[in-house]
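Trainee: File follows, data32.pdb with PDB, C-alpha atoms:
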ATOM      1  CA  MET A   1     -62.663  -1.184  30.997
ATOM      2  CA  ALA A   2     -60.015   1.412  31.866
ATOM      3  CA  LEU A   3     -56.598  -0.096  32.496
ATOM      4  CA  ASN A   4     -54.674   0.692  35.660
ATOM      5  CA  ILE A   5     -51.019   0.533  34.660
ATOM      6  CA  LEU A   6     -47.736   0.220  36.564
ATOM      7  CA  VAL A   7     -44.611   1.623  34.881
ATOM      8  CA  VAL A   8     -41.330   0.413  36.406
ATOM      9  CA  ASP A   9     -38.107   2.030  35.170
ATOM     10  CA  ASP A  10     -35.174   3.615  37.012
ATOM     11  CA  SER A  11     -35.091   6.488  34.518
ATOM     12  CA  ALA A  12     -37.684   9.188  35.271
ATOM     13  CA  VAL A  13     -37.291  10.365  31.676
ATOM     14  CA  MET A  14     -38.060   6.896  30.334
ATOM     15  CA  ARG A  15     -41.121   6.615  32.582
ATOM     16  CA  SER A  16     -42.335   9.928  31.142
ATOM     17  CA  ILE A  17     -41.743   8.668  27.607
ATOM     18  CA  ILE A  18     -43.713   5.479  28.297
ATOM     19  CA  ILE A  19     -46.607   7.357  29.936
ATOM     20  CA  LYS A  20     -46.719   9.874  27.101
ATOM     21  CA  THR A  21     -46.769   7.035  24.573
ATOM     22  CA  LEU A  22     -49.494   5.235  26.543
ATOM     23  CA  LYS A  23     -51.651   8.370  26.322
ATOM     24  CA  LEU A  24     -51.091   8.492  22.557
ATOM     25  CA  THR A  25     -52.476   4.955  22.124
ATOM     26  CA  ASP A  26     -56.005   6.252  22.715
ATOM     27  CA  LEU A  27     -56.713   3.194  24.856
ATOM     28  CA  PRO A  28     -58.929   3.628  27.938
ATOM     29  CA  LEU A  29     -56.470   4.360  30.745
ATOM     30  CA  GLY A  30     -57.256   4.466  34.446
ATOM     31  CA  ASP A  31     -54.577   5.243  37.016
ATOM     32  CA  ILE A  32     -50.929   5.100  36.032
ATOM     33  CA  TRP A  33     -48.464   4.293  38.823
ATOM     34  CA  GLU A  34     -44.707   4.717  38.666
ATOM     35  CA  ALA A  35     -41.862   2.873  40.404
ATOM     36  CA  GLU A  36     -38.097   3.262  40.041
ATOM     37  CA  ASN A  37     -37.184  -0.370  40.691
ATOM     38  CA  GLY A  38     -38.692  -3.828  40.974
ATOM     39  CA  GLN A  39     -38.957  -3.718  44.757
ATOM     40  CA  LYS A  40     -41.040  -0.530  44.722
ATOM     41  CA  GLY A  41     -43.046  -1.967  41.849
ATOM     42  CA  LEU A  42     -43.951  -5.068  43.875
ATOM     43  CA  ARG A  43     -44.969  -2.850  46.791
ATOM     44  CA  LEU A  44     -47.304  -0.836  44.559
ATOM     45  CA  LEU A  45     -48.819  -4.052  43.250
ATOM     46  CA  GLN A  46     -49.755  -5.013  46.807
ATOM     47  CA  GLU A  47     -51.315  -1.612  47.463
ATOM     48  CA  LYS A  48     -53.114  -0.840  44.203
ATOM     49  CA  TRP A  49     -55.331  -2.582  41.690
ATOM     50  CA  ILE A  50     -53.128  -2.938  38.619
ATOM     51  CA  ASP A  51     -54.121  -4.535  35.312
ATOM     52  CA  LEU A  52     -50.867  -4.287  33.375
ATOM     53  CA  ALA A  53     -47.174  -3.741  34.179
ATOM     54  CA  LEU A  54     -44.561  -2.226  31.887
ATOM     55  CA  ILE A  55     -41.134  -3.125  33.230
ATOM     56  CA  ASP A  56     -37.547  -2.240  32.328
ATOM     57  CA  ILE A  57     -34.835  -4.906  32.661
ATOM     58  CA  HIS A  58     -31.804  -3.051  33.990
ATOM     59  CA  MET A  59     -32.584  -1.345  37.297
ATOM     60  CA  PRO A  60     -30.803  -1.000  40.631
ATOM     61  CA  VAL A  61     -32.072  -2.644  43.862
ATOM     62  CA  MET A  62     -34.272  -5.157  42.005
ATOM     63  CA  ASP A  63     -34.069  -5.582  38.238
ATOM     64  CA  GLY A  64     -36.874  -6.489  35.866
ATOM     65  CA  GLU A  65     -35.957 -10.170  35.646
ATOM     66  CA  GLU A  66     -36.190 -10.616  39.401
ATOM     67  CA  MET A  67     -39.402  -8.638  39.641
ATOM     68  CA  ILE A  68     -41.065 -10.801  36.975
ATOM     69  CA  ARG A  69     -39.811 -13.945  38.712
ATOM     70  CA  HIS A  70     -41.459 -12.764  41.948
ATOM     71  CA  LEU A  71     -44.677 -12.038  40.083
ATOM     72  CA  ARG A  72     -44.820 -15.473  38.507
ATOM     73  CA  GLU A  73     -44.169 -17.178  41.861
ATOM     74  CA  ASN A  74     -47.094 -15.386  43.477
ATOM     75  CA  ASP A  75     -50.586 -16.814  42.842
ATOM     76  CA  GLN A  76     -52.039 -13.326  42.941
ATOM     77  CA  TYR A  77     -49.919 -11.979  40.093
ATOM     78  CA  GLU A  78     -48.931 -15.066  38.102
ATOM     79  CA  ASN A  79     -51.244 -14.070  35.251
ATOM     80  CA  LEU A  80     -50.631 -10.331  35.363
ATOM     81  CA  PRO A  81     -49.967  -9.086  31.805
ATOM     82  CA  VAL A  82     -46.369  -7.853  31.639
ATOM     83  CA  ILE A  83     -44.593  -5.903  28.901
ATOM     84  CA  VAL A  84     -40.841  -5.575  29.086
ATOM     85  CA  VAL A  85     -39.725  -2.274  27.545
ATOM     86  CA  SER A  86     -35.992  -2.252  26.980
ATOM     87  CA  SER A  87     -33.130  -1.660  24.592
ATOM     88  CA  GLU A  88     -31.784  -5.074  25.674
ATOM     89  CA  SER A  89     -30.091  -6.965  22.865
ATOM     90  CA  ASP A  90     -29.202 -10.246  24.563
ATOM     91  CA  PRO A  91     -31.329 -12.922  22.843
ATOM     92  CA  GLY A  92     -30.963 -15.198  25.885
ATOM     93  CA  LYS A  93     -32.452 -12.595  28.201
ATOM     94  CA  ILE A  94     -35.264 -11.808  25.783
ATOM     95  CA  GLU A  95     -36.085 -15.523  25.479
ATOM     96  CA  MET A  96     -36.118 -15.826  29.266
ATOM     97  CA  MET A  97     -38.631 -12.964  29.471
ATOM     98  CA  HIS A  98     -40.861 -14.746  26.958
ATOM     99  CA  LYS A  99     -40.686 -17.931  28.992
ATOM    100  CA  GLN A 100     -41.857 -15.959  32.024
ATOM    101  CA  GLY A 101     -44.890 -14.885  30.021
ATOM    102  CA  ALA A 102     -43.732 -11.331  29.320
ATOM    103  CA  THR A 103     -44.022  -9.606  25.963
ATOM    104  CA  PHE A 104     -40.956  -7.720  24.799
ATOM    105  CA  ILE A 105     -41.009  -4.265  23.198
ATOM    106  CA  HIS A 106     -37.761  -2.859  21.940
ATOM    107  CA  LYS A 107     -37.002   0.862  22.414
ATOM    108  CA  PRO A 108     -37.721   3.089  20.552
ATOM    109  CA  PHE A 109     -41.331   2.174  19.900
ATOM    110  CA  LYS A 110     -44.318   3.839  18.295
ATOM    111  CA  PRO A 111     -47.691   4.241  20.058
ATOM    112  CA  GLU A 112     -49.235   1.911  17.452
ATOM    113  CA  ILE A 113     -46.909  -0.931  18.450
ATOM    114  CA  LEU A 114     -47.590  -0.422  22.148
ATOM    115  CA  LYS A 115     -51.338  -0.306  21.485
ATOM    116  CA  GLU A 116     -51.221  -3.509  19.435
ATOM    117  CA  VAL A 117     -49.361  -5.369  22.184
ATOM    118  CA  ILE A 118     -51.628  -4.080  24.976
ATOM    119  CA  ILE A 119     -54.741  -5.106  23.082
ATOM    120  CA  ALA A 120     -53.236  -8.539  22.370
ATOM    121  CA  ILE A 121     -52.286  -9.321  25.963
ATOM    122  CA  THR A 122     -55.103  -7.642  27.897
ATOM    123  CA  GLY A 123     -57.992  -7.948  25.474
ATOM    124  CA  VAL A 124     -58.897  -4.304  26.116
ATOM    125  CA  SER A 125     -59.981  -2.170  23.189
ATOM    126  CA  ASN A 126     -60.735   1.478  22.615
ATOM    127  CA  GLU A 127     -64.110   0.751  21.035
ATOM    128  CA  GLY A 128     -66.775   2.742  22.779
ATOM    129  CA  LYS A 129     -64.248   5.036  24.434
ATOM    130  CA  ASP A 130     -65.748   8.518  25.092
TER     131      ASP A 130
ATOM    132  CA  MET B   1     -19.897  -4.401   8.074
ATOM    133  CA  LYS B   2     -18.959  -0.724   8.484
ATOM    134  CA  ALA B   3     -21.603   0.244   5.922
ATOM    135  CA  LYS B   4     -24.177  -1.889   7.731
ATOM    136  CA  ILE B   5     -23.410  -0.231  11.056
ATOM    137  CA  GLU B   6     -23.660   3.213   9.460
ATOM    138  CA  LYS B   7     -27.088   2.289   8.097
ATOM    139  CA  VAL B   8     -28.284   0.882  11.433
ATOM    140  CA  LEU B   9     -26.990   3.945  13.293
ATOM    141  CA  GLU B  10     -28.906   6.222  10.955
ATOM    142  CA  GLU B  11     -32.116   4.188  11.258
ATOM    143  CA  ALA B  12     -31.854   3.977  15.041
ATOM    144  CA  ALA B  13     -31.149   7.702  15.381
ATOM    145  CA  VAL B  14     -33.996   8.731  13.080
ATOM    146  CA  ASN B  15     -36.472   6.370  14.778
ATOM    147  CA  THR B  16     -35.419   7.488  18.259
ATOM    148  CA  PHE B  17     -35.761  11.194  17.469
ATOM    149  CA  GLU B  18     -39.104  10.642  15.746
ATOM    150  CA  ASP B  19     -40.684   8.155  18.184
ATOM    151  CA  ILE B  20     -39.259   9.393  21.488
ATOM    152  CA  CYS B  21     -38.528  13.090  20.944
ATOM    153  CA  PHE B  22     -41.179  13.770  18.274
ATOM    154  CA  MET B  23     -38.562  15.586  16.184
ATOM    155  CA  TYR B  24     -38.115  15.328  12.444
ATOM    156  CA  GLN B  25     -35.014  16.106  10.428
ATOM    157  CA  VAL B  26     -34.769  19.201   8.258
ATOM    158  CA  PRO B  27     -31.753  18.455   5.980
ATOM    159  CA  GLU B  28     -32.054  21.899   4.378
ATOM    160  CA  LEU B  29     -30.630  23.397   7.606
ATOM    161  CA  LYS B  30     -27.301  21.617   7.115
ATOM    162  CA  ASP B  31     -25.374  24.654   5.820
ATOM    163  CA  ILE B  32     -26.982  27.103   8.259
ATOM    164  CA  GLN B  33     -26.130  24.902  11.271
ATOM    165  CA  ASN B  34     -22.623  24.053  10.095
ATOM    166  CA  ASP B  35     -20.755  26.380  12.448
ATOM    167  CA  LEU B  36     -22.724  25.852  15.657
ATOM    168  CA  THR B  37     -20.628  24.982  18.695
ATOM    169  CA  VAL B  38     -21.224  22.012  20.976
ATOM    170  CA  GLU B  39     -23.491  22.804  23.937
ATOM    171  CA  ALA B  40     -23.722  19.350  25.559
ATOM    172  CA  ALA B  41     -22.666  15.750  25.093
ATOM    173  CA  SER B  42     -23.470  12.356  26.535
ATOM    174  CA  GLU B  43     -21.632   9.062  26.258
ATOM    175  CA  VAL B  44     -22.828   5.486  26.665
ATOM    176  CA  ARG B  45     -20.321   2.649  26.929
ATOM    177  CA  TYR B  46     -21.131  -0.941  25.914
ATOM    178  CA  ARG B  47     -19.431  -4.272  26.590
ATOM    179  CA  GLY B  48     -19.911  -7.645  24.914
ATOM    180  CA  ASP B  49     -18.381  -9.312  21.842
ATOM    181  CA  TYR B  50     -16.933  -5.853  21.238
ATOM    182  CA  THR B  51     -16.513  -2.902  23.564
ATOM    183  CA  GLY B  52     -16.825   0.766  22.744
ATOM    184  CA  SER B  53     -19.120   3.730  23.107
ATOM    185  CA  LEU B  54     -21.709   5.956  21.526
ATOM    186  CA  LEU B  55     -21.326   9.701  21.801
ATOM    187  CA  ILE B  56     -24.039  12.251  21.105
ATOM    188  CA  GLU B  57     -23.326  15.993  20.887
ATOM    189  CA  THR B  58     -25.961  18.692  20.601
ATOM    190  CA  ARG B  59     -25.733  22.204  19.193
ATOM    191  CA  GLY B  60     -27.944  25.256  18.787
ATOM    192  CA  GLY B  61     -30.541  24.607  21.496
ATOM    193  CA  LEU B  62     -31.281  20.957  20.793
ATOM    194  CA  PHE B  63     -30.116  19.951  24.300
ATOM    195  CA  SER B  64     -33.022  21.768  25.911
ATOM    196  CA  ALA B  65     -35.507  20.950  23.140
ATOM    197  CA  ILE B  66     -35.013  17.179  23.534
ATOM    198  CA  ALA B  67     -35.978  17.297  27.233
ATOM    199  CA  ALA B  68     -38.811  19.762  26.594
ATOM    200  CA  ASN B  69     -40.313  17.499  23.926
ATOM    201  CA  ILE B  70     -39.866  14.241  25.809
ATOM    202  CA  LEU B  71     -41.247  15.598  29.073
ATOM    203  CA  SER B  72     -43.788  17.979  27.516
ATOM    204  CA  ILE B  73     -42.553  20.922  29.586
ATOM    205  CA  ASP B  74     -41.350  24.403  28.625
ATOM    206  CA  ASN B  75     -38.319  24.854  30.872
ATOM    207  CA  PRO B  76     -36.592  21.590  31.740
ATOM    208  CA  SER B  77     -34.048  21.646  34.565
ATOM    209  CA  ALA B  78     -30.339  21.014  33.947
ATOM    210  CA  GLN B  79     -30.744  17.476  35.313
ATOM    211  CA  GLN B  80     -33.758  16.752  33.123
ATOM    212  CA  LYS B  81     -31.801  17.877  30.059
ATOM    213  CA  LYS B  82     -28.868  15.606  30.939
ATOM    214  CA  ASP B  83     -31.175  12.647  31.647
ATOM    215  CA  ALA B  84     -33.124  13.110  28.418
ATOM    216  CA  LEU B  85     -30.007  13.315  26.256
ATOM    217  CA  GLY B  86     -28.575  10.285  28.051
ATOM    218  CA  GLU B  87     -31.737   8.282  27.431
ATOM    219  CA  VAL B  88     -31.612   9.124  23.720
ATOM    220  CA  ALA B  89     -27.965   7.973  23.595
ATOM    221  CA  ASN B  90     -28.829   4.794  25.503
ATOM    222  CA  ILE B  91     -31.657   3.822  23.156
ATOM    223  CA  ILE B  92     -29.644   4.472  19.982
ATOM    224  CA  CYS B  93     -26.667   2.519  21.360
ATOM    225  CA  GLY B  94     -28.893  -0.430  22.338
ATOM    226  CA  ASN B  95     -30.111  -0.670  18.769
ATOM    227  CA  VAL B  96     -26.697  -0.386  17.104
ATOM    228  CA  VAL B  97     -24.781  -2.938  19.201
ATOM    229  CA  THR B  98     -27.095  -5.725  18.057
ATOM    230  CA  THR B  99     -25.364  -5.597  14.658
ATOM    231  CA  LEU B 100     -21.879  -6.043  16.138
ATOM    232  CA  GLY B 101     -20.318  -9.489  16.268
ATOM    233  CA  ARG B 102     -22.387 -12.632  16.510
ATOM    234  CA  GLY B 103     -24.279 -11.664  19.624
ATOM    235  CA  LYS B 104     -22.927 -14.659  21.529
ATOM    236  CA  LEU B 105     -22.473 -12.712  24.740
ATOM    237  CA  GLY B 106     -25.187 -10.129  24.320
ATOM    238  CA  TYR B 107     -24.266  -6.593  25.313
ATOM    239  CA  LYS B 108     -24.169  -4.797  28.625
ATOM    240  CA  ILE B 109     -24.897  -1.119  28.163
ATOM    241  CA  GLU B 110     -23.716   1.150  30.952
ATOM    242  CA  SER B 111     -25.629   4.160  32.254
ATOM    243  CA  PRO B 112     -25.239   7.307  30.132
ATOM    244  CA  ARG B 113     -22.645   9.807  31.297
ATOM    245  CA  PRO B 114     -22.715  13.541  30.501
ATOM    246  CA  LEU B 115     -19.343  14.667  29.168
ATOM    247  CA  LYS B 116     -17.548  17.860  30.132
ATOM    248  CA  LYS B 117     -15.939  19.992  27.457
ATOM    249  CA  ASP B 118     -12.371  18.862  28.153
ATOM    250  CA  GLU B 119     -13.420  15.190  28.094
ATOM    251  CA  LEU B 120     -15.141  15.770  24.795
ATOM    252  CA  LEU B 121     -12.023  17.234  23.227
ATOM    253  CA  GLN B 122     -10.045  14.283  24.524
ATOM    254  CA  GLU B 123     -12.555  11.775  23.088
ATOM    255  CA  ASN B 124     -12.439  13.392  19.694
ATOM    256  CA  ARG B 125      -8.654  13.466  19.647
ATOM    257  CA  GLN B 126      -8.187   9.829  20.536
ATOM    258  CA  ASP B 127     -10.630   7.959  18.337
ATOM    259  CA  ASN B 128     -12.108   7.807  14.910
ATOM    260  CA  PRO B 129     -15.710   6.700  14.976
ATOM    261  CA  LEU B 130     -16.694   3.558  13.080
ATOM    262  CA  ALA B 131     -19.916   5.298  12.088
ATOM    263  CA  GLU B 132     -21.289   8.809  12.501
ATOM    264  CA  ILE B 133     -24.328  10.819  11.556
ATOM    265  CA  THR B 134     -25.265  14.491  11.686
ATOM    266  CA  MET B 135     -28.928  15.343  12.097
ATOM    267  CA  ASN B 136     -30.388  18.806  11.541
ATOM    268  CA  PHE B 137     -33.630  19.844  13.195
ATOM    269  CA  ASN B 138     -35.491  23.129  13.536
ATOM    270  CA  GLU B 139     -34.472  22.974  17.217
ATOM    271  CA  GLY B 140     -30.718  22.481  16.559
ATOM    272  CA  ARG B 141     -28.220  19.867  15.487
ATOM    273  CA  ALA B 142     -27.128  16.441  16.753
ATOM    274  CA  ASP B 143     -23.882  14.652  15.931
ATOM    275  CA  ILE B 144     -23.842  10.982  16.846
ATOM    276  CA  LYS B 145     -20.652   8.919  16.768
ATOM    277  CA  PHE B 146     -20.322   5.195  17.308
ATOM    278  CA  PHE B 147     -16.918   3.902  18.470
ATOM    279  CA  VAL B 148     -15.540   0.380  18.686
ATOM    280  CA  ASP B 149     -12.423  -0.114  20.817
ATOM    281  CA  GLY B 150      -9.401  -1.567  19.019
ATOM    282  CA  ASP B 151      -9.039  -2.298  15.337
ATOM    283  CA  PHE B 152     -12.545  -3.317  14.315
ATOM    284  CA  VAL B 153     -11.784  -3.862  10.628
ATOM    285  CA  ALA B 154      -8.796  -6.135  11.309
ATOM    286  CA  ARG B 155     -10.749  -8.156  13.855
ATOM    287  CA  GLU B 156     -13.704  -8.554  11.498
ATOM    288  CA  LYS B 157     -11.411  -9.912   8.763
ATOM    289  CA  LYS B 158      -9.790 -12.331  11.191
ATOM    290  CA  GLU B 159     -13.163 -13.709  12.344
TER     291      GLU B 159
END
Could I get this structure in the form of structure tokens?
Mentor:
Amino acid sequence: MALNILVVDDSAVMRSIIIKTLKLTDLPLGDIWEAENGQKGLRLLQEKWIDLALIDIHMPVMDGEEMIRHLRENDQYENLPVIVVSSESDPGKIEMMHKQGATFIHKPFKPEILKEVIIAITGVSNEGKD
Amino acid sequence: MKAKIEKVLEEAAVNTFEDICFMYQVPELKDIQNDLTVEAASEVRYRGDYTGSLLIETRGGLFSAIAANILSIDNPSAQQKKDALGEVANIICGNVVTTLGRGKLGYKIESPRPLKKDELLQENRQDNPLAEITMNFNEGRADIKFFVDGDFVAREKKE
């Protein structure tokens, strides 16, 4: 199964880094969608079929915490696998993300780490790819 | 504590350049790149148990190379170069502040800010960094300085 992925980060450079790293994981990727804040991310979720969301915490308009809260309150997305990618250091915030069912990846990260986490939370694998 | 922060700064900088920029240090270039002048700089301020900033300066073409590598493009725009350098500074800073204080408050890291030449001279005049590292790459040189506002050593002893 190819994963359709949503990348939400206010930094275009960071979105490029995440997408580049995703491609290096060698996992089967479908469409990759980008949003610059939580509000646009939620809109894309309504419009597209998305299997996994990678979300930053600190963003204008709607931050990652609020976006994840909206996801968990909505029956349609309450089980959507979410990875928070951030350089956040506040243990309280990180704990809160875990409680909301999100997995935390600290920047910088290697493709191997991202791959490991994606496999763990989505069950997808690259066996049989190609 | 100072030694610990120096070690964490070095680890964070090396990991960020390797994992995000796909760049690896070439220490043998140290003498050759000694006299290069600063081409760009970016600053990130942090607030929490302590306040301060992280400053990154690039020399010898590294400014453009960072953006080119991160974005996989040949000719990054001026804005892309600034954003890429800022993101590198942001990530390194986020990793270093975790070692400061007891983490009671967590840290708020502000958006990166490109520095103009006169601001850079001012920064360097006013403060001595708590930790600093110079990194030499085939693409140029980076100098990264981590500042803590106030007298860090005295405050550490007191606490």
Trainee: Name the residues in contact with A:Asp10 at a cut-off of 6 Å, using only C-alpha atoms, excluding same-chain residues fewer than 5 positions from it; report them as a list in words.
Mentor: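 Once the nearby chain positions are removed, what remains is Glu36, Asn37 and Met59 of chain A.
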Trainee: Find the residues near stretch 97-111 of chain A: any atom within 7 Å, counting only C-alpha atoms, skip ones fewer than 5 places away on the same chain, and give them as a PyMOL selection string.
Mentor: (chain A and resi 21-22+24-25+82-87) or (chain B and resi 15-16+19-20+91)
Trainee: For the interface of chain B with chain A (cut-off 8 Å, counting all atoms listed in the file), please tabulate each contacting residue of chain B alongside its nearest pair of atoms and their separation in Å to one decimal, rows sorted by chain and increasing number, as JSON lines.
Mentor:
{"residue": "B:Asn15", "atom": "CA", "partner": "A:Pro108", "partner_atom": "CA", "distance": 6.8}
{"residue": "B:Thr16", "atom": "CA", "partner": "A:Pro108", "partner_atom": "CA", "distance": 5.5}
{"residue": "B:Asp19", "atom": "CA", "partner": "A:Lys110", "partner_atom": "CA", "distance": 5.6}
{"residue": "B:Ile20", "atom": "CA", "partner": "A:Pro108", "partner_atom": "CA", "distance": 6.6}
{"residue": "B:Ile70", "atom": "CA", "partner": "A:Ile17", "partner_atom": "CA", "distance": 6.1}
{"residue": "B:Leu71", "atom": "CA", "partner": "A:Ser16", "partner_atom": "CA", "distance": 6.1}
{"residue": "B:Gln80", "atom": "CA", "partner": "A:Val13", "partner_atom": "CA", "distance": 7.4}
{"residue": "B:Asp83", "atom": "CA", "partner": "A:Val13", "partner_atom": "CA", "distance": 6.5}
{"residue": "B:Ala84", "atom": "CA", "partner": "A:Val13", "partner_atom": "CA", "distance": 6.0}
{"residue": "B:Glu87", "atom": "CA", "partner": "A:Met14", "partner_atom": "CA", "distance": 7.1}
{"residue": "B:Asn90", "atom": "CA", "partner": "A:Ser87", "partner_atom": "CA", "distance": 7.8}
{"residue": "B:Ile91", "atom": "CA", "partner": "A:Ser87", "partner_atom": "CA", "distance": 5.9}
{"residue": "B:Gly94", "atom": "CA", "partner": "A:Ser87", "partner_atom": "CA", "distance": 5.0}
{"residue": "B:Asn95", "atom": "CA", "partner": "A:Ser87", "partner_atom": "CA", "distance": 6.6}
{"residue": "B:Val97", "atom": "CA", "partner": "A:Ser89", "partner_atom": "CA", "distance": 7.6}
{"residue": "B:Thr98", "atom": "CA", "partner": "A:Ser89", "partner_atom": "CA", "distance": 5.8}
{"residue": "B:Gly103", "atom": "CA", "partner": "A:Asp90", "partner_atom": "CA", "distance": 7.1}
{"residue": "B:Leu105", "atom": "CA", "partner": "A:Asp90", "partner_atom": "CA", "distance": 7.2}
{"residue": "B:Gly106", "atom": "CA", "partner": "A:Asp90", "partner_atom": "CA", "distance": 4.0}
{"residue": "B:Tyr107", "atom": "CA", "partner": "A:Asp90", "partner_atom": "CA", "distance": 6.2}
Trainee: Considering only C-alpha atoms, return as a ChimeraX atom specification whatever protein or nucleic-acid residues lie within 8 Å of stretch 47-55 of chain A, sequence-local ones (same chain, fewer than 5 positions apart) excluded.
Mentor: /A:3-9,64,80-85,122
Trainee: Any idea what the distance is between atom CA of A:Glu116 and atom CA of B:Ile73?
Mentor: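 Rounded to one decimal, the two atoms are 27.8 Å apart.
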Trainee: What would the selection look like, as a tab-separated table (two decimals) with C-alpha atoms, in the frame of the given file, if the PyMOL selection byres ((chain A and resi 28) around 8) were run on the coordinates I just shared?
Mentor:
chain	number	residue	atom	x	y	z
A	1	MET	CA	-62.66	-1.18	31.00
A	2	ALA	CA	-60.02	1.41	31.87
A	3	LEU	CA	-56.60	-0.10	32.50
A	26	ASP	CA	-56.00	6.25	22.72
A	27	LEU	CA	-56.71	3.19	24.86
A	29	LEU	CA	-56.47	4.36	30.74
A	30	GLY	CA	-57.26	4.47	34.45
A	125	SER	CA	-59.98	-2.17	23.19
A	126	ASN	CA	-60.74	1.48	22.62
A	129	LYS	CA	-64.25	5.04	24.43
